[in-house]
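What follows is the content of coords-v2.csv, which has CSV, C-alpha atoms:
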chain,number,residue,atom,x,y,z
L,1,MET,CA,0.0,0.0,0.0
L,2,ALA,CA,2.8,2.4,0.9
L,3,PHE,CA,4.5,1.7,-2.5
L,4,ILE,CA,1.3,2.5,-4.3
L,5,ASP,CA,1.0,5.8,-2.4
L,6,TRP,CA,4.6,6.8,-3.4
L,7,ILE,CA,3.8,5.9,-7.1
L,8,LEU,CA,0.6,7.9,-7.1
L,9,HIS,CA,2.1,10.8,-5.3
L,10,PRO,CA,5.7,11.2,-6.6
L,11,THR,CA,6.2,14.7,-5.2
L,12,GLU,CA,5.7,13.2,-1.7
L,13,LEU,CA,8.4,10.6,-2.4
L,14,TRP,CA,10.8,13.4,-3.3
L,15,ALA,CA,9.8,15.5,-0.3
L,16,SER,CA,10.4,12.5,2.0
L,17,PHE,CA,13.8,11.9,0.5
L,18,TRP,CA,14.9,15.5,1.1
L,19,TYR,CA,13.4,15.5,4.6
L,20,VAL,CA,15.5,12.4,5.6
L,21,MET,CA,18.6,13.9,4.1
L,22,ARG,CA,18.2,17.3,5.8
L,23,HIS,CA,16.8,16.4,9.2
L,24,ALA,CA,18.5,14.4,12.0
L,25,PRO,CA,16.4,12.2,14.2
L,26,PRO,CA,15.0,14.0,17.3
L,27,GLY,CA,17.4,12.3,19.7
L,28,GLU,CA,20.3,13.3,17.5
L,29,LYS,CA,19.0,16.9,17.4
L,30,THR,CA,18.9,17.0,21.2
L,31,ASP,CA,22.6,16.0,21.3
L,32,ARG,CA,23.4,18.8,18.9
L,33,LEU,CA,21.6,21.4,21.1
L,34,GLN,CA,24.6,21.4,23.5
L,35,VAL,CA,22.3,21.2,26.5
L,36,SER,CA,23.1,19.1,29.6
L,37,GLY,CA,21.8,18.0,32.9
L,38,ASP,CA,18.1,18.7,33.7
L,39,MET,CA,17.5,20.7,30.5
L,40,LYS,CA,18.6,17.7,28.4
L,41,ARG,CA,16.2,15.6,30.4
L,42,CYS,CA,13.4,18.1,29.5
L,43,TYR,CA,14.2,17.6,25.8
L,44,ASP,CA,14.1,13.9,26.4
L,45,PHE,CA,10.6,14.3,27.9
L,46,LEU,CA,9.7,16.5,24.9
L,47,GLU,CA,10.6,13.6,22.5
L,48,MET,CA,8.7,11.1,24.7
L,49,THR,CA,5.5,13.1,24.8
L,50,SER,CA,5.4,14.4,21.2
L,51,ARG,CA,8.0,13.6,18.5
L,52,SER,CA,6.3,15.9,16.0
L,53,PHE,CA,6.5,18.9,18.4
L,54,ALA,CA,10.0,17.9,19.4
L,55,ALA,CA,11.2,18.3,15.9
L,56,VAL,CA,9.9,21.8,15.4
L,57,ILE,CA,10.8,23.1,18.9
L,58,GLN,CA,14.3,21.9,18.6
L,59,GLU,CA,14.8,24.0,15.4
L,60,LEU,CA,13.6,27.2,17.1
L,61,ASN,CA,15.8,30.3,17.6
L,62,PRO,CA,18.0,29.6,20.6
L,63,ARG,CA,16.6,32.8,22.3
L,64,LEU,CA,13.2,31.1,22.7
L,65,ARG,CA,13.9,27.3,22.3
L,66,ASP,CA,14.2,26.4,26.0
L,67,ALA,CA,11.3,28.6,27.0
L,68,VAL,CA,8.9,27.0,24.4
L,69,CYS,CA,10.1,23.5,25.4
L,70,LEU,CA,9.3,24.2,29.0
L,71,PHE,CA,6.0,25.9,28.1
L,72,TYR,CA,5.0,22.8,26.2
L,73,LEU,CA,6.0,20.4,29.0
L,74,ILE,CA,4.1,22.4,31.7
L,75,LEU,CA,0.9,22.5,29.6
L,76,ARG,CA,1.5,18.8,28.7
L,77,GLY,CA,1.6,18.0,32.5
L,78,LEU,CA,-1.6,20.0,33.0
L,79,ASP,CA,-3.3,18.2,30.1
L,80,THR,CA,-2.1,14.8,31.4
L,81,VAL,CA,-3.9,15.5,34.7
L,82,GLU,CA,-7.1,16.6,32.9
L,83,ASP,CA,-7.1,13.5,30.6
L,84,ASP,CA,-6.6,11.0,33.4
L,85,MET,CA,-10.0,9.6,34.2
L,86,THR,CA,-8.7,7.7,37.3
L,87,ILE,CA,-8.1,10.8,39.3
L,88,PRO,CA,-11.1,11.7,41.5
L,89,GLY,CA,-12.9,14.9,40.3
L,90,ALA,CA,-12.3,17.0,43.4
L,91,ARG,CA,-8.6,16.2,43.4
L,92,LYS,CA,-8.3,16.7,39.7
L,93,ARG,CA,-9.9,20.2,40.0
L,94,GLN,CA,-7.6,21.1,42.9
L,95,VAL,CA,-4.5,20.2,40.9
L,96,LEU,CA,-5.7,22.0,37.7
L,97,GLU,CA,-6.6,25.2,39.6
L,98,THR,CA,-3.2,25.3,41.5
L,99,PHE,CA,-0.9,24.1,38.7
L,100,HIS,CA,0.3,27.7,38.1
L,101,GLU,CA,1.5,27.8,41.7
L,102,VAL,CA,3.3,24.4,41.9
L,103,ILE,CA,5.5,25.4,39.0
L,104,TYR,CA,7.1,27.8,41.4
L,105,GLN,CA,7.6,25.0,44.1
L,106,ALA,CA,11.1,23.5,43.7
L,107,GLY,CA,10.9,19.7,43.9
L,108,TRP,CA,7.2,19.4,43.2
L,109,THR,CA,6.1,16.1,41.6
L,110,PHE,CA,2.8,14.2,41.0
L,111,LYS,CA,2.6,10.5,41.5
L,112,GLU,CA,-1.2,9.9,41.4
L,113,SER,CA,-1.6,9.1,37.7
L,114,GLY,CA,-3.5,6.0,36.6
L,115,PRO,CA,-1.5,2.9,35.6
L,116,ASP,CA,-2.3,3.3,31.9
L,117,GLU,CA,-1.4,7.0,31.7
L,118,LYS,CA,1.3,7.2,29.0
L,119,ASP,CA,2.8,10.5,30.1
L,120,ALA,CA,2.8,9.7,33.9
L,121,LEU,CA,6.6,9.7,33.9
L,122,LEU,CA,6.7,13.4,33.1
L,123,LEU,CA,4.7,14.2,36.2
L,124,VAL,CA,6.7,11.8,38.3
L,125,GLU,CA,9.8,13.7,37.4
L,126,PHE,CA,8.2,17.1,37.1
L,127,ASP,CA,10.7,18.6,39.6
L,128,VAL,CA,13.1,18.6,36.7
L,129,VAL,CA,10.8,20.8,34.6
L,130,VAL,CA,10.1,23.1,37.6
L,131,GLY,CA,13.8,23.5,38.2
L,132,GLU,CA,14.5,24.6,34.7
L,133,PHE,CA,11.4,26.8,34.6
L,134,LEU,CA,12.7,28.8,37.6
L,135,LYS,CA,15.9,29.5,35.6
L,136,LEU,CA,14.0,31.3,32.8
L,137,PRO,CA,14.0,35.1,32.6
L,138,ASP,CA,11.2,36.6,34.8
L,139,GLU,CA,9.3,37.9,31.7
L,140,TYR,CA,9.1,34.4,30.3
L,141,GLN,CA,8.0,32.9,33.6
L,142,ALA,CA,5.2,35.5,33.9
L,143,VAL,CA,3.7,34.6,30.5
L,144,ILE,CA,3.9,30.9,31.1
L,145,ALA,CA,2.4,31.1,34.6
L,146,ASP,CA,-0.5,33.3,33.5
L,147,ILE,CA,-1.5,31.0,30.7
L,148,THR,CA,-1.1,27.9,33.0
L,149,ARG,CA,-3.5,29.6,35.5
L,150,ARG,CA,-6.1,30.5,33.0
L,151,MET,CA,-5.9,27.1,31.2
L,152,GLY,CA,-6.1,25.2,34.5
L,153,ALA,CA,-9.2,27.1,35.6
L,154,GLY,CA,-10.9,26.4,32.2
L,155,MET,CA,-10.0,22.7,32.3
L,156,ALA,CA,-11.3,22.5,35.9
L,157,LYS,CA,-14.6,24.1,34.8
L,158,TYR,CA,-15.1,21.5,32.1
L,159,THR,CA,-14.5,18.6,34.5
L,160,ARG,CA,-18.1,19.4,35.7
L,161,ALA,CA,-19.6,21.0,32.6
L,162,ARG,CA,-20.4,19.4,29.3
L,163,VAL,CA,-19.9,20.9,25.9
L,164,GLU,CA,-23.5,21.7,25.0
L,165,SER,CA,-23.8,24.9,23.0
L,166,LEU,CA,-21.6,26.4,20.3
L,167,GLU,CA,-20.5,29.0,22.8
L,168,ASP,CA,-19.3,26.2,25.2
L,169,TYR,CA,-17.4,24.6,22.3
L,170,HIS,CA,-15.7,27.8,21.4
L,171,GLU,CA,-14.9,28.5,25.1
L,172,TYR,CA,-13.5,25.0,25.7
L,173,CYS,CA,-11.3,25.2,22.7
L,174,HIS,CA,-10.1,28.6,23.8
L,175,TYR,CA,-9.1,27.2,27.2
L,176,VAL,CA,-7.2,24.2,25.9
L,177,ALA,CA,-5.7,25.6,22.7
L,178,GLY,CA,-6.5,29.3,22.1
L,179,LEU,CA,-4.6,30.2,25.2
L,180,VAL,CA,-1.6,28.3,23.9
L,181,GLY,CA,-1.7,30.7,20.9
L,182,HIS,CA,-1.9,33.6,23.3
L,183,GLY,CA,1.1,32.4,25.3
L,184,LEU,CA,3.3,31.7,22.3
L,185,SER,CA,2.5,35.1,20.7
L,186,ARG,CA,3.3,36.9,24.0
L,187,LEU,CA,6.6,34.9,24.2
L,188,PHE,CA,7.5,35.8,20.6
L,189,ALA,CA,6.9,39.5,21.4
L,190,VAL,CA,8.7,39.5,24.8
L,191,SER,CA,11.7,37.8,23.2
L,192,GLY,CA,12.2,40.6,20.8
L,193,LEU,CA,12.1,38.2,17.8
L,194,GLU,CA,8.7,39.5,16.7
L,195,ASP,CA,7.0,42.9,16.8
L,196,LYS,CA,5.1,43.8,20.0
L,197,ALA,CA,1.9,43.8,17.9
L,198,VAL,CA,2.1,40.0,17.6
L,199,GLY,CA,1.6,39.7,21.4
L,200,GLU,CA,-1.3,42.1,21.3
L,201,ARG,CA,-3.4,40.8,18.4
L,202,LEU,CA,-4.6,37.9,20.5
L,203,GLU,CA,-7.8,37.3,18.6
L,204,LEU,CA,-5.7,36.0,15.7
L,205,ALA,CA,-3.6,33.9,18.0
L,206,ASN,CA,-6.7,32.4,19.5
L,207,SER,CA,-7.9,31.4,16.0
L,208,MET,CA,-4.6,29.6,15.4
L,209,GLY,CA,-5.2,27.4,18.4
L,210,LEU,CA,-8.9,26.9,17.7
L,211,PHE,CA,-8.3,25.8,14.1
L,212,LEU,CA,-5.9,23.1,15.4
L,213,GLN,CA,-8.1,22.0,18.3
L,214,LYS,CA,-11.3,21.9,16.3
L,215,THR,CA,-9.7,19.9,13.6
L,216,ASN,CA,-8.4,17.3,16.2
L,217,ILE,CA,-11.8,17.2,17.9
L,218,THR,CA,-13.6,16.7,14.6
L,219,ARG,CA,-11.2,13.9,13.5
L,220,ASP,CA,-11.1,12.1,16.9
L,221,ILE,CA,-14.9,11.5,17.3
L,222,ASN,CA,-14.7,7.7,17.0
L,223,GLU,CA,-11.9,7.3,19.5
L,224,ASP,CA,-13.4,9.8,22.0
L,225,VAL,CA,-16.9,8.2,22.0
L,226,LEU,CA,-15.4,4.8,22.5
L,227,ASP,CA,-13.4,6.2,25.4
L,228,GLY,CA,-16.7,7.5,26.9
L,229,ARG,CA,-16.4,11.2,26.1
L,230,CYS,CA,-17.4,13.6,23.4
L,231,PHE,CA,-16.2,17.1,22.7
L,232,TRP,CA,-18.5,17.7,19.8
L,233,PRO,CA,-21.2,20.3,21.0
L,234,ARG,CA,-24.6,18.8,21.5
L,235,ALA,CA,-25.9,21.8,19.6
L,236,ILE,CA,-24.5,20.1,16.5
L,237,TRP,CA,-24.6,16.4,17.0
L,238,GLY,CA,-27.9,16.5,18.9
L,239,ARG,CA,-29.7,17.5,15.7
L,240,TYR,CA,-28.5,14.3,14.0
L,241,ALA,CA,-28.5,11.6,16.6
L,242,GLU,CA,-30.0,10.8,20.0
L,243,SER,CA,-26.7,9.8,21.6
L,244,GLU,CA,-23.0,10.0,20.9
L,245,GLU,CA,-22.9,6.3,20.3
L,246,GLN,CA,-25.7,6.5,17.6
L,247,LEU,CA,-23.6,9.3,16.0
L,248,ILE,CA,-20.8,6.9,15.1
L,249,SER,CA,-23.0,3.8,14.5
L,250,LYS,CA,-23.4,2.3,11.0
L,251,ALA,CA,-27.2,2.6,11.3
L,252,GLY,CA,-26.9,6.4,11.7
L,253,ARG,CA,-24.0,6.8,9.2
L,254,GLN,CA,-25.6,9.3,6.8
L,255,ARG,CA,-26.8,11.6,9.6
L,256,GLY,CA,-23.5,11.2,11.3
L,257,VAL,CA,-21.7,12.4,8.1
L,258,GLU,CA,-24.0,15.4,8.0
L,259,ALA,CA,-23.0,16.3,11.6
L,260,LEU,CA,-19.3,15.7,10.7
L,261,ASN,CA,-19.6,18.2,7.8
L,262,GLU,CA,-21.1,20.8,10.1
L,263,MET,CA,-18.2,20.3,12.5
L,264,CYS,CA,-15.8,20.8,9.5
L,265,VAL,CA,-17.5,24.1,8.6
L,266,ASN,CA,-17.1,25.3,12.2
L,267,ALA,CA,-13.3,24.7,12.0
L,268,LEU,CA,-12.8,26.0,8.4
L,269,GLN,CA,-14.2,29.4,9.5
L,270,HIS,CA,-10.9,30.2,11.2
L,271,ILE,CA,-8.8,30.0,8.0
L,272,PRO,CA,-8.8,33.8,7.3
L,273,ASP,CA,-7.5,34.6,10.8
L,274,VAL,CA,-4.8,31.8,10.5
L,275,LEU,CA,-3.5,33.3,7.3
L,276,GLU,CA,-3.6,36.8,8.7
L,277,TYR,CA,-1.7,35.7,11.8
L,278,LEU,CA,1.0,34.0,9.7
L,279,GLU,CA,1.5,37.1,7.6
L,280,GLN,CA,2.9,38.9,10.7
L,281,ILE,CA,5.5,36.3,11.7
L,282,LYS,CA,8.8,37.3,10.2
L,283,GLU,CA,11.5,35.3,12.1
L,284,PRO,CA,12.1,32.1,9.9
L,285,SER,CA,12.2,29.5,12.7
L,286,LEU,CA,9.1,30.9,14.4
L,287,PHE,CA,7.3,31.0,11.1
L,288,ARG,CA,8.0,27.3,10.4
L,289,PHE,CA,7.0,26.5,14.0
L,290,CYS,CA,3.6,28.2,13.5
L,291,ALA,CA,3.0,27.2,9.9
L,292,ILE,CA,3.6,23.5,10.0
L,293,PRO,CA,0.8,22.6,12.3
L,294,GLN,CA,-1.6,24.8,10.3
L,295,THR,CA,-0.8,23.2,7.0
L,296,MET,CA,-1.3,19.8,8.6
L,297,ALA,CA,-4.6,21.0,10.0
L,298,VAL,CA,-6.0,22.2,6.7
L,299,ALA,CA,-5.0,18.9,5.0
L,300,THR,CA,-6.7,17.0,7.8
L,301,ILE,CA,-9.9,18.9,7.9
L,302,VAL,CA,-10.3,18.6,4.1
L,303,LEU,CA,-9.6,14.9,4.5
L,304,CYS,CA,-12.4,14.6,7.1
L,305,TYR,CA,-15.0,16.5,5.2
L,306,ASP,CA,-17.8,14.3,3.9
L,307,ASN,CA,-15.7,11.2,4.9
L,308,PRO,CA,-17.6,8.5,6.6
L,309,ARG,CA,-14.4,6.8,7.7
L,310,VAL,CA,-14.0,9.4,10.3
L,311,LEU,CA,-16.9,7.9,12.2
L,312,GLU,CA,-15.4,4.4,12.2
L,313,ASP,CA,-11.7,5.0,12.5
L,314,ASN,CA,-9.0,7.7,13.2
L,315,VAL,CA,-8.1,9.0,9.8
L,316,LYS,CA,-4.7,10.6,9.2
L,317,ILE,CA,-3.0,12.2,6.2
L,318,ARG,CA,-0.3,10.1,4.5
L,319,LYS,CA,3.2,10.3,6.0
L,320,GLY,CA,4.6,11.4,2.7
L,321,GLU,CA,2.0,14.1,2.5
L,322,ALA,CA,3.0,15.3,6.0
L,323,LEU,CA,6.7,15.5,5.1
L,324,LYS,CA,5.8,17.4,1.9
L,325,LEU,CA,3.8,19.9,4.0
L,326,ILE,CA,6.8,20.4,6.3
L,327,SER,CA,9.0,21.1,3.3
L,328,GLN,CA,6.5,23.6,2.0
L,329,SER,CA,5.8,25.5,5.2
L,330,THR,CA,8.8,27.9,4.9
L,331,SER,CA,7.2,31.2,3.7
L,332,ILE,CA,3.8,32.8,3.7
L,333,GLU,CA,3.7,32.6,-0.1
L,334,ARG,CA,4.2,28.8,-0.1
L,335,VAL,CA,1.8,28.3,2.8
L,336,LYS,CA,-0.9,30.3,0.9
L,337,VAL,CA,-0.4,28.0,-2.1
L,338,VAL,CA,-0.8,25.0,0.2
L,339,PHE,CA,-4.0,26.3,1.6
L,340,TYR,CA,-5.2,27.1,-2.0
L,341,ARG,CA,-4.5,23.5,-3.1
L,342,TYR,CA,-6.5,22.0,-0.2
L,343,ILE,CA,-9.4,24.4,-0.7
L,344,GLU,CA,-9.5,23.2,-4.3
L,345,GLN,CA,-9.7,19.6,-3.0
L,346,LEU,CA,-12.5,20.7,-0.7
L,347,GLU,CA,-14.3,22.3,-3.6
L,348,ARG,CA,-14.2,19.0,-5.5
L,349,LYS,CA,-15.6,17.2,-2.5
L,350,ASN,CA,-18.4,19.7,-1.9
L,351,HIS,CA,-21.5,18.4,-3.6
L,352,PRO,CA,-24.7,20.4,-4.0
L,353,ASP,CA,-26.8,17.7,-2.2
L,354,ASN,CA,-24.8,18.3,1.0
L,355,PRO,CA,-26.8,20.3,3.6
L,356,THR,CA,-23.5,22.3,4.3
L,357,TYR,CA,-22.9,22.9,0.6
L,358,ALA,CA,-23.7,26.7,0.6
L,359,ALA,CA,-21.7,27.3,3.8
L,360,VAL,CA,-18.6,25.5,2.5
L,361,ALA,CA,-18.9,27.1,-0.9
L,362,LYS,CA,-18.9,30.5,0.8
L,363,ILE,CA,-15.7,29.6,2.7
L,364,ILE,CA,-14.1,28.3,-0.5
L,365,ASP,CA,-14.9,31.4,-2.5
L,366,ARG,CA,-13.6,33.8,0.2
L,367,THR,CA,-10.4,31.9,0.8
L,368,LYS,CA,-9.6,31.5,-2.9
L,369,LYS,CA,-10.2,35.2,-3.5
L,370,ASP,CA,-8.2,36.3,-0.5
L,371,ILE,CA,-5.2,34.1,-1.5
L,372,ALA,CA,-5.3,34.9,-5.2
L,373,SER,CA,-5.4,38.7,-4.5
L,374,THR,CA,-2.2,38.6,-2.4
L,375,LEU,CA,-0.1,36.1,-4.3
L,376,LYS,CA,2.3,37.3,-7.1
L,377,GLY,CA,0.8,36.1,-10.3
L,378,GLY,CA,-2.6,35.5,-8.8
L,379,ALA,CA,-4.2,32.1,-8.2
L,380,PRO,CA,-1.7,29.2,-8.4
L,381,THR,CA,-1.9,26.8,-11.3
L,382,ASP,CA,-3.2,23.3,-10.4
L,383,PHE,CA,-1.0,20.5,-11.7
L,384,THR,CA,-2.9,17.7,-9.9
L,385,LYS,CA,-4.0,15.9,-13.1
L,386,GLU,CA,-0.5,16.1,-14.6
L,387,TYR,CA,1.0,14.6,-11.4
L,388,LEU,CA,-1.6,11.8,-11.4
L,389,VAL,CA,-0.8,11.0,-15.0
L,390,LEU,CA,2.9,11.0,-14.3
L,391,GLY,CA,2.3,8.7,-11.3
L,392,LEU,CA,0.2,6.3,-13.3
L,393,PHE,CA,2.8,6.2,-16.0
L,394,ALA,CA,5.5,5.5,-13.5
L,395,ALA,CA,3.4,2.7,-12.0
L,396,THR,CA,2.8,1.2,-15.5
L,397,VAL,CA,6.5,1.2,-16.3
L,398,ALA,CA,7.4,-0.3,-13.0
L,399,PHE,CA,4.8,-3.0,-13.4
L,400,PHE,CA,6.0,-3.7,-17.0
L,401,PHE,CA,9.6,-4.2,-15.9
L,402,TYR,CA,8.7,-6.2,-12.8
L,403,SER,CA,6.5,-8.6,-15.0
L,404,TYR,CA,9.2,-8.8,-17.7
L,405,TYR,CA,12.1,-9.7,-15.3
L,406,SER,CA,9.8,-12.1,-13.3
L,407,ALA,CA,8.9,-14.0,-16.5
L,408,ALA,CA,12.5,-14.1,-17.6
L,409,ALA,CA,13.6,-15.4,-14.2
L,410,ALA,CA,10.9,-18.1,-14.3
L,411,ALA,CA,12.0,-19.2,-17.8
L,412,GLU,CA,15.6,-19.8,-16.9
L,413,PRO,CA,16.4,-23.5,-16.5
L,414,ALA,CA,17.3,-24.7,-13.0
L,415,GLN,CA,21.0,-25.3,-12.5
If you convert what's in this file into structure tokens, what do you get?
Amino acid sequence: MAFIDWILHPTELWASFWYVMRHAPPGEKTDRLQVSGDMKRCYDFLEMTSRSFAAVIQELNPRLRDAVCLFYLILRGLDTVEDDMTIPGARKRQVLETFHEVIYQAGWTFKESGPDEKDALLLVEFDVVVGEFLKLPDEYQAVIADITRRMGAGMAKYTRARVESLEDYHEYCHYVAGLVGHGLSRLFAVSGLEDKAVGERLELANSMGLFLQKTNITRDINEDVLDGRCFWPRAIWGRYAESEEQLISKAGRQRGVEALNEMCVNALQHIPDVLEYLEQIKEPSLFRFCAIPQTMAVATIVLCYDNPRVLEDNVKIRKGEALKLISQSTSIERVKVVFYRYIEQLERKNHPDNPTYAAVAKIIDRTKKDIASTLKGGAPTDFTKEYLVLGLFAATVAFFFYSYYSAAAAAEPAQ
């Protein structure tokens, strides 16, 4: 199957080759950072908890790299507590609401995670993270602690509340992801690597986080329902099914797909803000850090749209596609082309008989016009058909030679 994917998507094969040639494995990158002691252990935790984030964080400007690494680990610790269904509710809320205080307590650890919690070790050795956090400049500490306080309070609220209305959904995503955008933008500005305005236009930073979080929530519906939870707002799914379980059942598949498409529309509405935010990021390593997750998100949400597989499995973009997106996320011009390409894919998937057709068509029209009006030369040319023909031709040639040499080998007399 992987071989066929490479044949049908030759540009992804090329992108994968260059990625492997130009990027060292995460562990090797950590060794090259010239960090030691507890900070090296923090980068080890970064690799253990998220290899994808480890790769982009390790390539950040040295002025911000350690701060962003520690910011990620602190929020990961917070998220690990929130996700652990074995921690009693009252205790969980107490930890979430005071997490911004314990990061100032040297030696603090947490050993109450459930036996199946994959990131429990981070909390068991959290004193290492706390120790390095306390070494950061005061202005970095202030931003990280403020975001941790606000996120912890929001997470604590939703241990009791359910995501019912669209307002709840927006608020929950703000707490768990929009605030990450706030914090990073403020760190960018405080570091001096970006203009102060980046740390002030927080509505755009919020949309960056919301687009990522809403894409993940939309994609993960099957896994979440099977785990006994659902982050889709009842205001959407309740109009298509009587329960979350019915939403993903085969019997309710058509209605489930209609609910899925409405969730996709909700996420797609953030694209204008995402592109506007990226326009203002000038430092190259920070731009890649911000752009890569967003190009992955637009590819994922387009894959999810009108796709019944989302209701029965956890769908993902191809590995070669992901590596190609990484290679393309280097400038605002290239990122706009990526978004334009996926919006074209969305347009091909958006059929008039879909209840969300008009809403999606409006998003498509606006996005294409916005991008075309700001790109040199206007709208990018679509070479999808040419690449497909090239891929099929290469597959035909490969099959011909394979068949020829297999037949020749079979015809040779045994020695």
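Taking all atoms listed in the file, the non-local environment of Leu303 in chain L within 9 Å (same-chain residues fewer than 4 positions away omitted) comprises L:Val298, L:Ala299, L:Asn307, L:Val315, L:Lys316, L:Ile317, L:Gln345, L:Leu346.
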Quiz prompt | All residues 9 Å or closer to range 52-54 of chain L, all atoms listed in the file, same chain fewer than 3 positions away omitted, as an MDAnalysis selection string | solution = chainID L and resid 26 43 46:49 57:59 69 72 289
Quiz prompt | Minimum-distance residue to Asp127 in chain L, chosen among L:Asn61, L:Asp38, L:Asp79, L:Glu347 (using all atoms listed in the file) | solution =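 Using all atoms listed in the file, the shortest distance to Asp127 in chain L belongs to L:Asp38.
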Quiz item: Which neighbours of range 372-379 of chain L fall inside 12 Å, counting all atoms listed in the file, when residues of the same chain fewer than 5 positions from it are skipped, and could you give them as an MDAnalysis selection string?
Solution: chainID L and resid 275:276 279 331:341 343:344 364:367
Practice problem: Tell me which protein, DNA and RNA residues are within 12 Å of His170 in chain L, counting all atoms listed in the file, leaving out same-chain ones fewer than 2 positions away, and put them as a PyMOL selection string. | Solution: chain L and resi 154+163-168+172-179+206-207+209-211+213-214+217+231-233+235+263+266-267+270
Now that the selection is made, can you save its residues with C-alpha atoms as a PDB file, in the coordinates of the input?
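Result file part_23.pdb:
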ATOM      1  CA  GLY L 154     -10.900  26.400  32.200  1.00  0.00           C
ATOM      2  CA  VAL L 163     -19.900  20.900  25.900  1.00  0.00           C
ATOM      3  CA  GLU L 164     -23.500  21.700  25.000  1.00  0.00           C
ATOM      4  CA  SER L 165     -23.800  24.900  23.000  1.00  0.00           C
ATOM      5  CA  LEU L 166     -21.600  26.400  20.300  1.00  0.00           C
ATOM      6  CA  GLU L 167     -20.500  29.000  22.800  1.00  0.00           C
ATOM      7  CA  ASP L 168     -19.300  26.200  25.200  1.00  0.00           C
ATOM      8  CA  TYR L 172     -13.500  25.000  25.700  1.00  0.00           C
ATOM      9  CA  CYS L 173     -11.300  25.200  22.700  1.00  0.00           C
ATOM     10  CA  HIS L 174     -10.100  28.600  23.800  1.00  0.00           C
ATOM     11  CA  TYR L 175      -9.100  27.200  27.200  1.00  0.00           C
ATOM     12  CA  VAL L 176      -7.200  24.200  25.900  1.00  0.00           C
ATOM     13  CA  ALA L 177      -5.700  25.600  22.700  1.00  0.00           C
ATOM     14  CA  GLY L 178      -6.500  29.300  22.100  1.00  0.00           C
ATOM     15  CA  LEU L 179      -4.600  30.200  25.200  1.00  0.00           C
ATOM     16  CA  ASN L 206      -6.700  32.400  19.500  1.00  0.00           C
ATOM     17  CA  SER L 207      -7.900  31.400  16.000  1.00  0.00           C
ATOM     18  CA  GLY L 209      -5.200  27.400  18.400  1.00  0.00           C
ATOM     19  CA  LEU L 210      -8.900  26.900  17.700  1.00  0.00           C
ATOM     20  CA  PHE L 211      -8.300  25.800  14.100  1.00  0.00           C
ATOM     21  CA  GLN L 213      -8.100  22.000  18.300  1.00  0.00           C
ATOM     22  CA  LYS L 214     -11.300  21.900  16.300  1.00  0.00           C
ATOM     23  CA  ILE L 217     -11.800  17.200  17.900  1.00  0.00           C
ATOM     24  CA  PHE L 231     -16.200  17.100  22.700  1.00  0.00           C
ATOM     25  CA  TRP L 232     -18.500  17.700  19.800  1.00  0.00           C
ATOM     26  CA  PRO L 233     -21.200  20.300  21.000  1.00  0.00           C
ATOM     27  CA  ALA L 235     -25.900  21.800  19.600  1.00  0.00           C
ATOM     28  CA  MET L 263     -18.200  20.300  12.500  1.00  0.00           C
ATOM     29  CA  ASN L 266     -17.100  25.300  12.200  1.00  0.00           C
ATOM     30  CA  ALA L 267     -13.300  24.700  12.000  1.00  0.00           C
ATOM     31  CA  HIS L 270     -10.900  30.200  11.200  1.00  0.00           C
TER      32      HIS L 270
END
Quiz item: Do you have the CA of Phe287 in chain L-CA of Gln328 in chain L distance handy?
Solution: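 Computing the Euclidean distance for CA of Phe287 in chain L and CA of Gln328 in chain L yields 11.8 Å.
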Quiz item: Any idea what's packed within 10 Å of Lys92 in chain L, counting all atoms listed in the file, ignoring anything in its chain fewer than 2 positions away? Could you give it as a list in words?
Solution: Val81, Glu82, Asp83, Asp84, Met85, Thr86, Ile87, Pro88, Gly89, Ala90, Gln94, Val95, Leu96, Glu97, Glu112, Met155, Ala156 and Thr159 of chain L
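The space between CA of Val35 in chain L and CA of Pro137 in chain L spans 17.3 Å.
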Exercise. Between CA of Asp306 in chain L and CA of Asn261 in chain L, measure the distance and give it in Å to one decimal.
Key: 5.8 Å
Quiz item: Between L:Asp227, L:Asp66, L:Asp370, L:Glu101, which has the minimum distance to Thr148 in chain L (counting all atoms listed in the file)?
Solution: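 Closest candidate: L:Glu101.
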Self-check item: Among listed residues L:Lys368, L:Ser243, L:Gly77, L:Ser191, nearest Pro380 in chain L (using only C-alpha atoms)
Solution: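 Comparing L:Lys368, L:Ser243, L:Gly77, L:Ser191 against Pro380 in chain L, the winner is L:Lys368.
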